file my_file-v2.pdb (PDB, C-alpha atoms)
MODEL        1
ATOM      1  CA  MET X   1     -30.049 124.473 145.080
ATOM      2  CA  ASN X   2     -30.246 122.410 141.899
ATOM      3  CA  ASP X   3     -31.427 125.426 139.940
ATOM      4  CA  ASN X   4     -28.506 127.431 141.301
ATOM      5  CA  ASN X   5     -26.130 124.642 140.359
ATOM      6  CA  ASP X   6     -27.555 124.429 136.862
ATOM      7  CA  LYS X   7     -27.303 128.190 136.390
ATOM      8  CA  PHE X   8     -23.769 128.235 137.749
ATOM      9  CA  THR X   9     -22.723 125.403 135.446
ATOM     10  CA  GLU X  10     -24.412 127.109 132.514
ATOM     11  CA  ASN X  11     -22.549 130.358 133.245
ATOM     12  CA  VAL X  12     -19.238 128.547 133.516
ATOM     13  CA  ARG X  13     -19.899 126.748 130.256
ATOM     14  CA  SER X  14     -20.765 129.944 128.400
ATOM     15  CA  VAL X  15     -17.639 131.699 129.687
ATOM     16  CA  LEU X  16     -15.459 128.756 128.661
ATOM     17  CA  ASN X  17     -17.090 128.593 125.230
ATOM     18  CA  GLN X  18     -16.521 132.311 124.827
ATOM     19  CA  SER X  19     -12.833 131.753 125.593
ATOM     20  CA  LEU X  20     -12.613 129.412 122.624
ATOM     21  CA  ALA X  21     -13.663 132.196 120.322
ATOM     22  CA  ASP X  22     -10.845 134.291 121.727
ATOM     23  CA  LEU X  23      -8.136 131.881 120.648
ATOM     24  CA  ASP X  24      -5.649 133.729 118.470
ATOM     25  CA  THR X  25      -5.155 132.769 114.843
ATOM     26  CA  ASP X  26      -1.662 131.451 115.494
ATOM     27  CA  THR X  27      -2.987 128.906 117.985
ATOM     28  CA  GLU X  28      -5.830 127.995 115.644
ATOM     29  CA  PHE X  29      -3.309 127.449 112.868
ATOM     30  CA  LYS X  30      -1.110 125.300 115.091
ATOM     31  CA  LEU X  31      -4.087 123.216 116.201
ATOM     32  CA  GLY X  32      -5.121 122.625 112.595
ATOM     33  CA  ARG X  33      -1.589 121.640 111.646
ATOM     34  CA  LEU X  34      -1.121 119.175 114.488
ATOM     35  CA  LYS X  35      -4.497 117.653 113.686
ATOM     36  CA  TYR X  36      -3.394 116.895 110.106
ATOM     37  CA  ARG X  37      -0.035 115.694 111.380
ATOM     38  CA  ALA X  38      -1.796 113.199 113.633
ATOM     39  CA  LEU X  39      -3.958 111.953 110.762
ATOM     40  CA  ASP X  40      -0.898 111.685 108.481
ATOM     41  CA  SER X  41       1.023 109.721 111.101
ATOM     42  CA  ALA X  42      -1.759 107.146 111.124
ATOM     43  CA  LYS X  43      -1.563 106.788 107.325
ATOM     44  CA  GLN X  44       2.206 106.363 107.454
ATOM     45  CA  LYS X  45       1.883 103.733 110.151
ATOM     46  CA  LYS X  46      -0.590 101.841 107.993
ATOM     47  CA  LYS X  47       1.848 101.951 105.070
ATOM     48  CA  GLY X  48       4.651 100.776 107.341
ATOM     49  CA  LYS X  49       2.542  97.893 108.584
ATOM     50  CA  PHE X  50       1.814  96.901 104.980
ATOM     51  CA  VAL X  51       5.516  96.907 104.125
ATOM     52  CA  TRP X  52       6.474  94.940 107.220
ATOM     53  CA  GLY X  53       3.682  92.491 106.553
ATOM     54  CA  ALA X  54       4.687  92.098 102.926
ATOM     55  CA  VAL X  55       8.283  91.143 103.711
ATOM     56  CA  PRO X  56       7.515  87.891 105.591
ATOM     57  CA  ALA X  57       4.844  87.045 103.044
ATOM     58  CA  ALA X  58       7.375  87.474 100.234
ATOM     59  CA  VAL X  59       9.915  85.304 102.069
ATOM     60  CA  VAL X  60       7.374  82.523 102.598
ATOM     61  CA  LEU X  61       6.322  82.718  98.951
ATOM     62  CA  LEU X  62       9.944  82.536  97.839
ATOM     63  CA  LEU X  63      10.598  79.465  99.994
ATOM     64  CA  VAL X  64       7.492  77.737  98.665
ATOM     65  CA  VAL X  65       8.587  78.420  95.092
ATOM     66  CA  LEU X  66      12.151  77.296  95.740
ATOM     67  CA  PHE X  67      11.134  73.990  97.318
ATOM     68  CA  ASN X  68       8.292  73.100  94.969
ATOM     69  CA  LEU X  69       9.153  74.414  91.531
ATOM     70  CA  PRO X  70      12.223  72.276  90.687
ATOM     71  CA  GLN X  71      10.425  69.028  91.555
ATOM     72  CA  ASN X  72       7.486  69.923  89.373
ATOM     73  CA  GLN X  73       9.761  70.910  86.533
ATOM     74  CA  GLN X  74      11.548  67.573  86.665
ATOM     75  CA  ILE X  75       8.312  65.693  86.456
ATOM     76  CA  HIS X  76       6.708  67.716  83.735
ATOM     77  CA  VAL X  77       9.709  68.477  81.589
ATOM     78  CA  ALA X  78      11.891  65.382  81.769
ATOM     79  CA  SER X  79       9.236  62.713  81.144
ATOM     80  CA  PRO X  80       8.139  63.762  77.624
ATOM     81  CA  ASP X  81      11.771  64.128  76.560
ATOM     82  CA  VAL X  82      12.573  60.537  77.538
ATOM     83  CA  PHE X  83       9.451  59.260  75.800
ATOM     84  CA  VAL X  84      10.211  61.151  72.583
ATOM     85  CA  LEU X  85      13.807  59.964  72.685
ATOM     86  CA  SER X  86      12.720  56.349  73.065
ATOM     87  CA  ILE X  87      10.463  56.708  69.989
ATOM     88  CA  LEU X  88      13.166  58.319  67.874
ATOM     89  CA  THR X  89      15.776  55.715  68.765
ATOM     90  CA  ALA X  90      13.455  52.718  68.345
ATOM     91  CA  GLU X  91      14.052  50.274  65.495
ATOM     92  CA  GLU X  92      10.388  50.248  64.524
ATOM     93  CA  PRO X  93       9.171  52.667  61.817
ATOM     94  CA  LEU X  94       7.346  55.776  63.018
ATOM     95  CA  ASP X  95       4.097  54.553  61.452
ATOM     96  CA  PHE X  96       4.049  51.827  64.069
ATOM     97  CA  PHE X  97       3.781  54.407  66.871
ATOM     98  CA  ALA X  98       1.195  56.421  64.965
ATOM     99  CA  GLU X  99      -1.228  53.598  64.257
ATOM    100  CA  ASP X 100      -1.935  50.477  66.371
ATOM    101  CA  ILE X 101       0.460  50.860  69.270
ATOM    102  CA  GLU X 102      -2.122  49.947  71.864
ATOM    103  CA  PHE X 103      -2.939  46.716  70.062
ATOM    104  CA  TYR X 104       0.698  45.756  69.851
ATOM    105  CA  GLU X 105       1.295  46.574  73.472
ATOM    106  CA  TRP X 106      -1.567  44.291  74.408
ATOM    107  CA  LEU X 107      -0.274  41.588  72.092
ATOM    108  CA  SER X 108       3.178  41.910  73.577
ATOM    109  CA  GLU X 109       1.817  41.433  77.102
ATOM    110  CA  VAL X 110      -0.192  38.383  76.030
ATOM    111  CA  MET X 111       2.808  36.810  74.374
ATOM    112  CA  GLU X 112       5.005  37.486  77.398
ATOM    113  CA  ASN X 113       2.464  35.882  79.687
ATOM    114  CA  GLU X 114       2.180  32.967  77.395
ATOM    115  CA  SER X 115       5.907  32.435  77.362
ATOM    116  CA  GLU X 116       6.107  32.630  81.142
ATOM    117  CA  LEU X 117       3.329  30.074  81.521
ATOM    118  CA  SER X 118       4.844  27.733  79.040
ATOM    119  CA  GLY X 119       8.219  28.017  80.759
ATOM    120  CA  GLN X 120       6.901  27.216  84.222
ATOM    121  CA  HIS X 121       4.099  24.706  83.783
ATOM    122  CA  THR X 122       4.300  23.025  80.448
ATOM    123  CA  VAL X 123       6.552  20.137  79.672
ATOM    124  CA  VAL X 124       8.686  21.187  76.843
ATOM    125  CA  PRO X 125       9.669  18.347  74.480
ATOM    126  CA  ASP X 126      13.266  17.868  73.535
ATOM    127  CA  ILE X 127      14.172  19.952  70.567
ATOM    128  CA  PRO X 128      16.754  18.634  68.232
ATOM    129  CA  VAL X 129      19.941  20.542  68.266
ATOM    130  CA  SER X 130      19.995  20.938  64.517
ATOM    131  CA  ALA X 131      16.398  22.303  64.488
ATOM    132  CA  ASN X 132      17.202  25.187  66.812
ATOM    133  CA  PRO X 133      19.764  27.670  65.596
ATOM    134  CA  LEU X 134      20.210  29.110  69.029
ATOM    135  CA  SER X 135      20.979  25.786  70.649
ATOM    136  CA  THR X 136      24.526  25.211  71.796
ATOM    137  CA  GLY X 137      24.195  21.489  72.211
ATOM    138  CA  ASN X 138      23.437  21.589  75.911
ATOM    139  CA  ARG X 139      20.310  19.621  76.777
ATOM    140  CA  GLN X 140      19.742  21.013  80.217
ATOM    141  CA  THR X 141      16.254  22.251  81.213
ATOM    142  CA  GLY X 142      17.335  25.844  81.909
ATOM    143  CA  ASN X 143      18.548  26.172  78.357
ATOM    144  CA  ARG X 144      15.284  24.862  77.036
ATOM    145  CA  GLN X 145      13.282  27.393  78.962
ATOM    146  CA  ARG X 146      15.509  30.181  77.766
ATOM    147  CA  ILE X 147      15.118  29.055  74.201
ATOM    148  CA  ILE X 148      11.331  28.942  74.479
ATOM    149  CA  ALA X 149      11.219  32.422  76.017
ATOM    150  CA  GLN X 150      13.476  33.687  73.260
ATOM    151  CA  SER X 151      11.311  32.163  70.608
ATOM    152  CA  GLY X 152       8.216  33.817  72.162
ATOM    153  CA  ALA X 153       9.935  37.193  72.130
ATOM    154  CA  ASP X 154      10.896  36.641  68.517
ATOM    155  CA  ARG X 155       7.309  35.897  67.622
ATOM    156  CA  VAL X 156       6.137  39.142  69.236
ATOM    157  CA  SER X 157       8.794  41.107  67.453
ATOM    158  CA  TRP X 158       7.804  39.477  64.191
ATOM    159  CA  SER X 159       4.147  40.309  64.830
ATOM    160  CA  ILE X 160       4.982  43.906  65.582
ATOM    161  CA  ARG X 161       7.122  44.401  62.523
ATOM    162  CA  GLY X 162       4.563  42.706  60.303
TER
ATOM    163  CA  MET F 163     -12.126 111.487 112.266
ATOM    164  CA  GLN F 164     -11.160 114.913 110.982
ATOM    165  CA  VAL F 165     -14.598 116.284 111.876
ATOM    166  CA  PHE F 166     -14.322 114.777 115.337
ATOM    167  CA  PHE F 167     -10.925 116.378 115.912
ATOM    168  CA  LYS F 168     -12.254 119.671 114.613
ATOM    169  CA  SER F 169     -15.085 119.522 117.142
ATOM    170  CA  ILE F 170     -12.900 118.920 120.177
ATOM    171  CA  GLU F 171      -9.472 120.342 119.393
ATOM    172  CA  ARG F 172     -10.008 123.748 120.966
ATOM    173  CA  GLN F 173     -11.648 122.414 124.122
ATOM    174  CA  ALA F 174      -8.868 119.842 124.433
ATOM    175  CA  PHE F 175      -6.290 122.576 124.045
ATOM    176  CA  ARG F 176      -7.973 124.734 126.705
ATOM    177  CA  MET F 177      -8.173 121.807 129.132
ATOM    178  CA  ALA F 178      -4.527 120.944 128.582
ATOM    179  CA  LEU F 179      -3.663 124.596 129.030
ATOM    180  CA  PHE F 180      -5.546 124.770 132.322
ATOM    181  CA  ALA F 181      -3.514 121.787 133.467
ATOM    182  CA  CYS F 182      -0.033 122.742 132.302
ATOM    183  CA  SER F 183      -0.197 126.562 131.953
ATOM    184  CA  ASN F 184       2.073 126.581 128.919
ATOM    185  CA  GLN F 185       0.800 126.973 125.391
ATOM    186  CA  ASP F 186       3.481 124.880 123.660
ATOM    187  CA  ASP F 187       3.192 122.093 126.216
ATOM    188  CA  ALA F 188      -0.577 122.136 125.807
ATOM    189  CA  LEU F 189      -0.258 121.862 122.029
ATOM    190  CA  ASP F 190       2.185 118.966 122.428
ATOM    191  CA  LEU F 191      -0.185 117.177 124.774
ATOM    192  CA  VAL F 192      -3.094 117.570 122.371
ATOM    193  CA  GLN F 193      -1.015 116.376 119.440
ATOM    194  CA  ASP F 194       0.250 113.328 121.337
ATOM    195  CA  ALA F 195      -3.282 112.486 122.376
ATOM    196  CA  MET F 196      -4.542 112.827 118.802
ATOM    197  CA  CYS F 197      -1.752 110.639 117.404
ATOM    198  CA  LYS F 198      -2.353 107.938 119.964
ATOM    199  CA  PHE F 199      -6.098 108.122 119.484
ATOM    200  CA  VAL F 200      -5.771 107.727 115.717
ATOM    201  CA  ALA F 201      -3.362 104.817 116.158
ATOM    202  CA  LYS F 202      -5.442 102.912 118.703
ATOM    203  CA  TYR F 203      -9.108 103.809 118.768
ATOM    204  CA  THR F 204     -10.327 104.606 115.250
ATOM    205  CA  ASN F 205     -12.076 101.239 115.031
ATOM    206  CA  LYS F 206     -14.165 101.982 118.144
ATOM    207  CA  PRO F 207     -17.765 103.244 117.840
ATOM    208  CA  GLU F 208     -18.036 107.001 117.350
ATOM    209  CA  GLU F 209     -20.121 107.415 120.502
ATOM    210  CA  GLU F 210     -17.126 106.342 122.569
ATOM    211  CA  TRP F 211     -14.585 108.559 120.824
ATOM    212  CA  LYS F 212     -15.007 111.563 123.073
ATOM    213  CA  ALA F 213     -14.512 109.687 126.337
ATOM    214  CA  LEU F 214     -11.622 107.679 124.883
ATOM    215  CA  PHE F 215      -9.901 110.760 123.517
ATOM    216  CA  TYR F 216     -10.143 112.525 126.869
ATOM    217  CA  LYS F 217      -8.886 109.379 128.582
ATOM    218  CA  ILE F 218      -5.737 109.583 126.462
ATOM    219  CA  LEU F 219      -5.432 113.311 127.052
ATOM    220  CA  GLN F 220      -5.772 112.834 130.807
ATOM    221  CA  ASN F 221      -3.057 110.170 130.736
ATOM    222  CA  LYS F 222      -0.803 112.548 128.813
ATOM    223  CA  ILE F 223      -1.493 115.307 131.329
ATOM    224  CA  ARG F 224      -0.677 112.977 134.222
ATOM    225  CA  ASP F 225       2.577 111.920 132.516
ATOM    226  CA  PHE F 226       3.414 115.567 131.964
ATOM    227  CA  TYR F 227       2.858 116.307 135.641
ATOM    228  CA  ARG F 228       5.091 113.425 136.701
ATOM    229  CA  LYS F 229       7.890 114.565 134.412
ATOM    230  CA  GLU F 230       7.524 118.143 135.556
ATOM    231  CA  SER F 231       7.718 117.139 139.215
ATOM    232  CA  VAL F 232      10.899 115.150 138.558
ATOM    233  CA  ARG F 233      12.412 118.075 136.655
ATOM    234  CA  SER F 234      11.536 120.540 139.416
ATOM    235  CA  ARG F 235      13.124 118.232 142.018
ATOM    236  CA  TRP F 236      16.335 118.119 139.988
ATOM    237  CA  ARG F 237      16.300 121.896 139.612
ATOM    238  CA  VAL F 238      15.936 122.352 143.361
ATOM    239  CA  TRP F 239      18.588 119.733 144.097
ATOM    240  CA  LEU F 240      21.082 121.197 141.646
ATOM    241  CA  GLY F 241      20.230 124.739 142.724
ATOM    242  CA  GLY F 242      20.648 125.920 139.173
ATOM    243  CA  ARG F 243      18.725 128.543 137.338
ATOM    244  CA  SER F 244      16.550 127.493 134.497
ATOM    245  CA  GLU F 245      16.462 129.243 131.143
ATOM    246  CA  ASP F 246      13.238 130.984 132.048
ATOM    247  CA  ASP F 247      14.630 132.474 135.236
ATOM    248  CA  ASP F 248      16.050 135.381 133.296
ATOM    249  CA  ALA F 249      12.650 136.369 132.047
ATOM    250  CA  GLU F 250      10.456 138.879 133.779
ATOM    251  CA  PRO F 251       8.125 137.272 136.317
ATOM    252  CA  LEU F 252       5.101 138.767 134.576
ATOM    253  CA  GLU F 253       6.133 137.211 131.289
ATOM    254  CA  GLN F 254       6.080 133.795 132.895
ATOM    255  CA  LEU F 255       2.406 134.040 133.705
ATOM    256  CA  ALA F 256       0.307 131.995 131.327
ATOM    257  CA  ASP F 257      -1.494 134.183 128.862
ATOM    258  CA  PRO F 258      -2.262 131.896 125.952
ATOM    259  CA  ALA F 259      -4.934 134.089 124.423
ATOM    260  CA  GLY F 260      -2.457 136.897 123.731
ATOM    261  CA  ARG F 261      -4.900 139.500 124.935
ATOM    262  CA  THR F 262      -4.515 143.201 124.354
ATOM    263  CA  PRO F 263      -6.043 145.869 126.553
ATOM    264  CA  GLU F 264      -8.486 146.742 123.779
ATOM    265  CA  ARG F 265      -9.877 143.235 123.780
ATOM    266  CA  GLU F 266     -10.548 143.188 127.452
ATOM    267  CA  THR F 267     -14.227 142.847 128.139
ATOM    268  CA  GLY F 268     -16.289 141.810 131.070
ATOM    269  CA  ASN F 269     -16.632 138.315 129.746
ATOM    270  CA  ARG F 270     -12.907 137.944 129.476
ATOM    271  CA  GLN F 271     -12.457 139.184 132.987
ATOM    272  CA  MET F 272     -14.869 136.526 134.073
ATOM    273  CA  PHE F 273     -12.842 133.982 132.166
ATOM    274  CA  ASP F 274      -9.626 135.164 133.809
ATOM    275  CA  HIS F 275     -11.266 134.880 137.160
ATOM    276  CA  LEU F 276     -12.570 131.422 136.378
ATOM    277  CA  GLN F 277      -9.181 130.385 135.027
ATOM    278  CA  GLN F 278      -7.440 131.489 138.189
ATOM    279  CA  GLU F 279      -9.843 129.572 140.360
ATOM    280  CA  LEU F 280      -9.695 126.491 138.162
ATOM    281  CA  LYS F 281      -5.934 126.458 138.488
ATOM    282  CA  LYS F 282      -6.230 126.514 142.244
ATOM    283  CA  LEU F 283      -8.161 123.252 142.200
ATOM    284  CA  SER F 284      -6.376 119.946 142.340
ATOM    285  CA  LEU F 285      -5.698 118.459 138.914
ATOM    286  CA  LYS F 286      -8.327 115.761 139.326
ATOM    287  CA  GLN F 287     -11.006 118.138 140.567
ATOM    288  CA  GLN F 288     -10.198 120.577 137.782
ATOM    289  CA  GLN F 289     -10.325 117.982 135.005
ATOM    290  CA  VAL F 290     -13.421 116.242 136.369
ATOM    291  CA  PHE F 291     -15.194 119.577 136.563
ATOM    292  CA  LEU F 292     -14.232 120.502 133.001
ATOM    293  CA  LEU F 293     -15.208 117.114 131.584
ATOM    294  CA  ARG F 294     -18.560 117.110 133.368
ATOM    295  CA  ALA F 295     -19.559 120.771 133.222
ATOM    296  CA  TRP F 296     -17.994 121.814 129.939
ATOM    297  CA  GLU F 297     -17.678 118.720 127.792
ATOM    298  CA  GLY F 298     -20.927 117.299 129.107
ATOM    299  CA  LEU F 299     -19.583 113.813 129.675
ATOM    300  CA  SER F 300     -21.690 111.545 131.860
ATOM    301  CA  VAL F 301     -20.418 110.268 135.199
ATOM    302  CA  SER F 302     -19.468 106.907 133.675
ATOM    303  CA  GLU F 303     -17.735 108.532 130.685
ATOM    304  CA  THR F 304     -15.830 110.847 133.000
ATOM    305  CA  ALA F 305     -14.826 107.857 135.124
ATOM    306  CA  LEU F 306     -13.529 106.141 131.981
ATOM    307  CA  ALA F 307     -11.628 109.252 130.912
ATOM    308  CA  MET F 308     -10.126 109.792 134.354
ATOM    309  CA  SER F 309      -9.451 106.087 135.010
ATOM    310  CA  CYS F 310     -11.241 106.187 138.333
ATOM    311  CA  SER F 311     -14.531 105.044 139.856
ATOM    312  CA  GLU F 312     -17.842 106.815 139.348
ATOM    313  CA  GLY F 313     -17.985 107.567 143.088
ATOM    314  CA  THR F 314     -14.656 109.367 142.855
ATOM    315  CA  VAL F 315     -15.956 111.387 139.908
ATOM    316  CA  LYS F 316     -19.028 112.458 141.858
ATOM    317  CA  THR F 317     -16.930 113.437 144.870
ATOM    318  CA  HIS F 318     -14.430 115.446 142.811
ATOM    319  CA  TYR F 319     -17.163 117.154 140.843
ATOM    320  CA  PHE F 320     -19.099 118.105 143.961
ATOM    321  CA  ARG F 321     -16.034 119.500 145.715
ATOM    322  CA  ALA F 322     -14.879 121.397 142.648
ATOM    323  CA  THR F 323     -18.293 122.953 142.142
ATOM    324  CA  GLU F 324     -18.529 123.962 145.785
ATOM    325  CA  LYS F 325     -15.102 125.596 145.761
ATOM    326  CA  LEU F 326     -15.742 127.472 142.535
ATOM    327  CA  ARG F 327     -19.157 128.684 143.683
ATOM    328  CA  GLU F 328     -17.597 129.894 146.883
ATOM    329  CA  LYS F 329     -14.720 131.701 145.160
ATOM    330  CA  LEU F 330     -16.466 133.108 142.130
ATOM    331  CA  GLY F 331     -19.214 134.706 144.126
ATOM    332  CA  GLU F 332     -22.901 135.223 143.835
ATOM    333  CA  HIS F 333     -22.949 136.990 140.483
ATOM    334  CA  TRP F 334     -22.160 133.655 138.785
ATOM    335  CA  LEU F 335     -25.345 132.102 140.165
TER
ENDMDL
END
call {"tool": "encode", "arguments": {"input": "my_file-v2.pdb", "output": "structure tokens"}}
result
Amino acid sequence: MNDNNDKFTENVRSVLNQSLADLDTDTEFKLGRLKYRALDSAKQKKKGKFVWGAVPAAVVLLLVVLFNLPQNQQIHVASPDVFVLSILTAEEPLDFFAEDIEFYEWLSEVMENESELSGQHTVVPDIPVSANPLSTGNRQTGNRQRIIAQSGADRVSWSIRG
Amino acid sequence: MQVFFKSIERQAFRMALFACSNQDDALDLVQDAMCKFVAKYTNKPEEEWKALFYKILQNKIRDFYRKESVRSRWRVWLGGRSEDDDAEPLEQLADPAGRTPERETGNRQMFDHLQQELKKLSLKQQQVFLLRAWEGLSVSETALAMSCSEGTVKTHYFRATEKLREKLGEHWL
């Protein structure tokens, strides 16, 4: 029975295979064409997917650039301009900025601290009105402190200018 | 992929033609199946391609049958004549090979006979028989292609073989 089945199936298969050889050229041509059409459709779909994927990516990139770029530009571009402007408009000669600026900055801080300390904790003796050109004749304590602070600032300025 | 299509395109066409009996419809079914296969299953292992391709083709054939049954119901209900009604009845018979009398041989007569008997089978029996006997798919692969259980495949294959053996006669054994 199994042998008969195998032989029957084999006969059927050979007849069906023979029928494939009998396909006319027109059908063969059509089959070849639709095969390439199917393969082309897959390529076009891939291209379409790339385009549709690129659009959201471009939008996200644009938003990132729009929200981040102006802030960065303000930081990086505006700061040096202000610094340069402050140098150009300063009263000090340009050599001052080129040479010992760090030393003078340090000296300025020390002098400021010194003036603050002297204003808060030290007992300032009465200064004669005639000895202080900035005095207005008022002997109140607030005026004295202001005068001392002013004199400290003058000393720093004098040190800086040489 | 191209090599794979080349290896199965003619068998797929013949199977679709057995199912729908119209050359253009069969070509459309094969093309649709190829397009869908390329779009969905190219990343699958090559060993599975055959079963997956025939699964798509079987789905397309089933869809075609559904649409055809709806169309035929409408035709009957409307009582109208279709475009093909004007043609000669003999011209409506499927003859996709375009045979001429000179090309008739014994083998072709056997094929005609087989074709007639295959068309008398139910669609499932016919397709299961072709997938198993001709394409050489295993029971599990045929079950995958036909979207049914392996038991159903075995039953359909057995019944189809019995009917064909009975109809085609002893000289096929």
call {"tool": "interface_residues", "arguments": {"input": "my_file-v2.pdb", "of": "chain F", "to": "chain X", "cutoff": "10 Å", "atoms": "all atoms listed in the file", "output": "PyMOL selection string"}}
result
chain F and resi 163-164+167-168+171-173+175-176+185-186+189-190+192-202+204+258-261+265+269-274+276-277+291-292+294-298+323-324+326-327+330+332-335
call {"tool": "atom_distance", "arguments": {"input": "my_file-v2.pdb", "atom1": "atom CA of Cys182 of chain F", "atom2": "atom CA of Val290 of chain F"}}
result
15.4 Å
call {"tool": "resolve_selection", "arguments": {"input": "my_file-v2.pdb", "expression": "the PyMOL selection byres ((chain F and resi 316) around 10)", "output": "list in words"}}
result
Gln287, Val290, Phe291, Arg294, Val301, Ser302, Thr304, Ala305, Ser311, Glu312, Gly313, Thr314, Val315, Thr317, His318, Tyr319, Phe320, Arg321 and Ala322 of chain F
call {"tool": "residues_around", "arguments": {"input": "my_file-v2.pdb", "residues": "Ala188 of chain F", "least_positions_apart": "6", "cutoff": "9 Å", "atoms": "only C-alpha atoms", "output": "count of residues only"}}
result
10
call {"tool": "atom_distance", "arguments": {"input": "my_file-v2.pdb", "atom1": "atom CA of Lys217 of chain F", "atom2": "atom CA of Leu306 of chain F"}}
result
6.6 Å
call {"tool": "closest_residue", "arguments": {"input": "my_file-v2.pdb", "among": "F:Ser169, F:Leu299, F:Leu191, F:Gly268", "to": "Arg224 of chain F", "atoms": "all atoms listed in the file"}}
result
F:Leu191
call {"tool": "atom_distance", "arguments": {"input": "my_file-v2.pdb", "atom1": "atom CA of Glu102 of chain X", "atom2": "atom CA of Leu88 of chain X"}}
result
17.9 Å
call {"tool": "resolve_selection", "arguments": {"input": "my_file-v2.pdb", "expression": "the PyMOL selection byres ((chain F and resi 208-213) around 6)", "output": "tab-separated table (two decimals) with C-alpha atoms, in the frame of the given file"}}
result
chain	number	residue	atom	x	y	z
F	207	PRO	CA	-17.76	103.24	117.84
F	214	LEU	CA	-11.62	107.68	124.88
F	215	PHE	CA	-9.90	110.76	123.52
F	216	TYR	CA	-10.14	112.52	126.87
F	303	GLU	CA	-17.74	108.53	130.68
F	307	ALA	CA	-11.63	109.25	130.91
